[in-house]
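In what follows, a structure is listed as structure tokens, so that the remarks can point back to it.
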Amino acid sequence: MTGGSGTDGTPAPVTGTWVHAFEEDTPAAAVYRPEGRPLPPARRPRRRLEFRPDGTVTEHRPAPDDRLAEREGRWERRGPERIAVDFPGGHGAPLVMSVSRDDGDRLLVEN
């Protein structure tokens with residue numbers, strides 16, 4: 001799985017599962033890394049975003065009992081490095097994301 005855009009300017013795939021690397025968060029964005037990339041141990045479950053090629057997305061987020069709860073949404077590209085996610089039916093605020101490859105694959109969810 002890769003993020004960002006290809007060398008010819010075409011969008012690179014964003015599909016797959018991305019894991020919240022909260023240690024890397026900035027005041028402007030939450031940082032997600034591709035599943036399988038080594039991350040330090042965490043005391044709480046890490047939020048995950050699973051993007052499917054059909055335009056659906058599942059967010060897995062920690063629930064009060066520390067298990068991961070799911071919410072379903074839709075995603076679409078808004079340019080080579082921008083993604084918009086919507087959770088219909090009032091199941092959460094829309095998200096705006098950018099895909100970066102400046103130091104490896106990163107998905108930045110803007111705050």
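Letters A, B, ... go to the chains of the structure tokens in the order shown; residues in each chain start at 1; ligands are counted from 1 in the same order.
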At a cut-off of 9 Å, can you tabulate as JSON lines every residue of stretch 64-104 of chain A near stretch 11-31 of chain A together with its closest atom pair and the distance in Å to one decimal, using only C-alpha atoms and ordering rows by chain then number?
```
{"residue": "A:Arg77", "atom": "CA", "partner": "A:Pro11", "partner_atom": "CA", "distance": 8.7}
{"residue": "A:Gly79", "atom": "CA", "partner": "A:Pro11", "partner_atom": "CA", "distance": 7.7}
{"residue": "A:Pro80", "atom": "CA", "partner": "A:Pro11", "partner_atom": "CA", "distance": 4.5}
{"residue": "A:Glu81", "atom": "CA", "partner": "A:Pro11", "partner_atom": "CA", "distance": 6.9}
{"residue": "A:Met97", "atom": "CA", "partner": "A:Ala29", "partner_atom": "CA", "distance": 8.7}
{"residue": "A:Val99", "atom": "CA", "partner": "A:Val14", "partner_atom": "CA", "distance": 8.0}
```
Just give me the gap between atom CA of A:Arg61 and atom CA of A:Gly92 in Å, one decimal is fine.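 If I compute the distance from atom CA of A:Arg61 to atom CA of A:Gly92, I get 11.8 Å.
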Selected residue of minimal separation from A:Gly55 among A:Gly73, A:Pro34, A:Arg106, A:Phe87, counting only C-alpha atoms: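 Closest candidate: A:Gly73.
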DSSP on the backbone, then: every residue of chain A marked strand (DSSP E), written as a count of residues only. 48
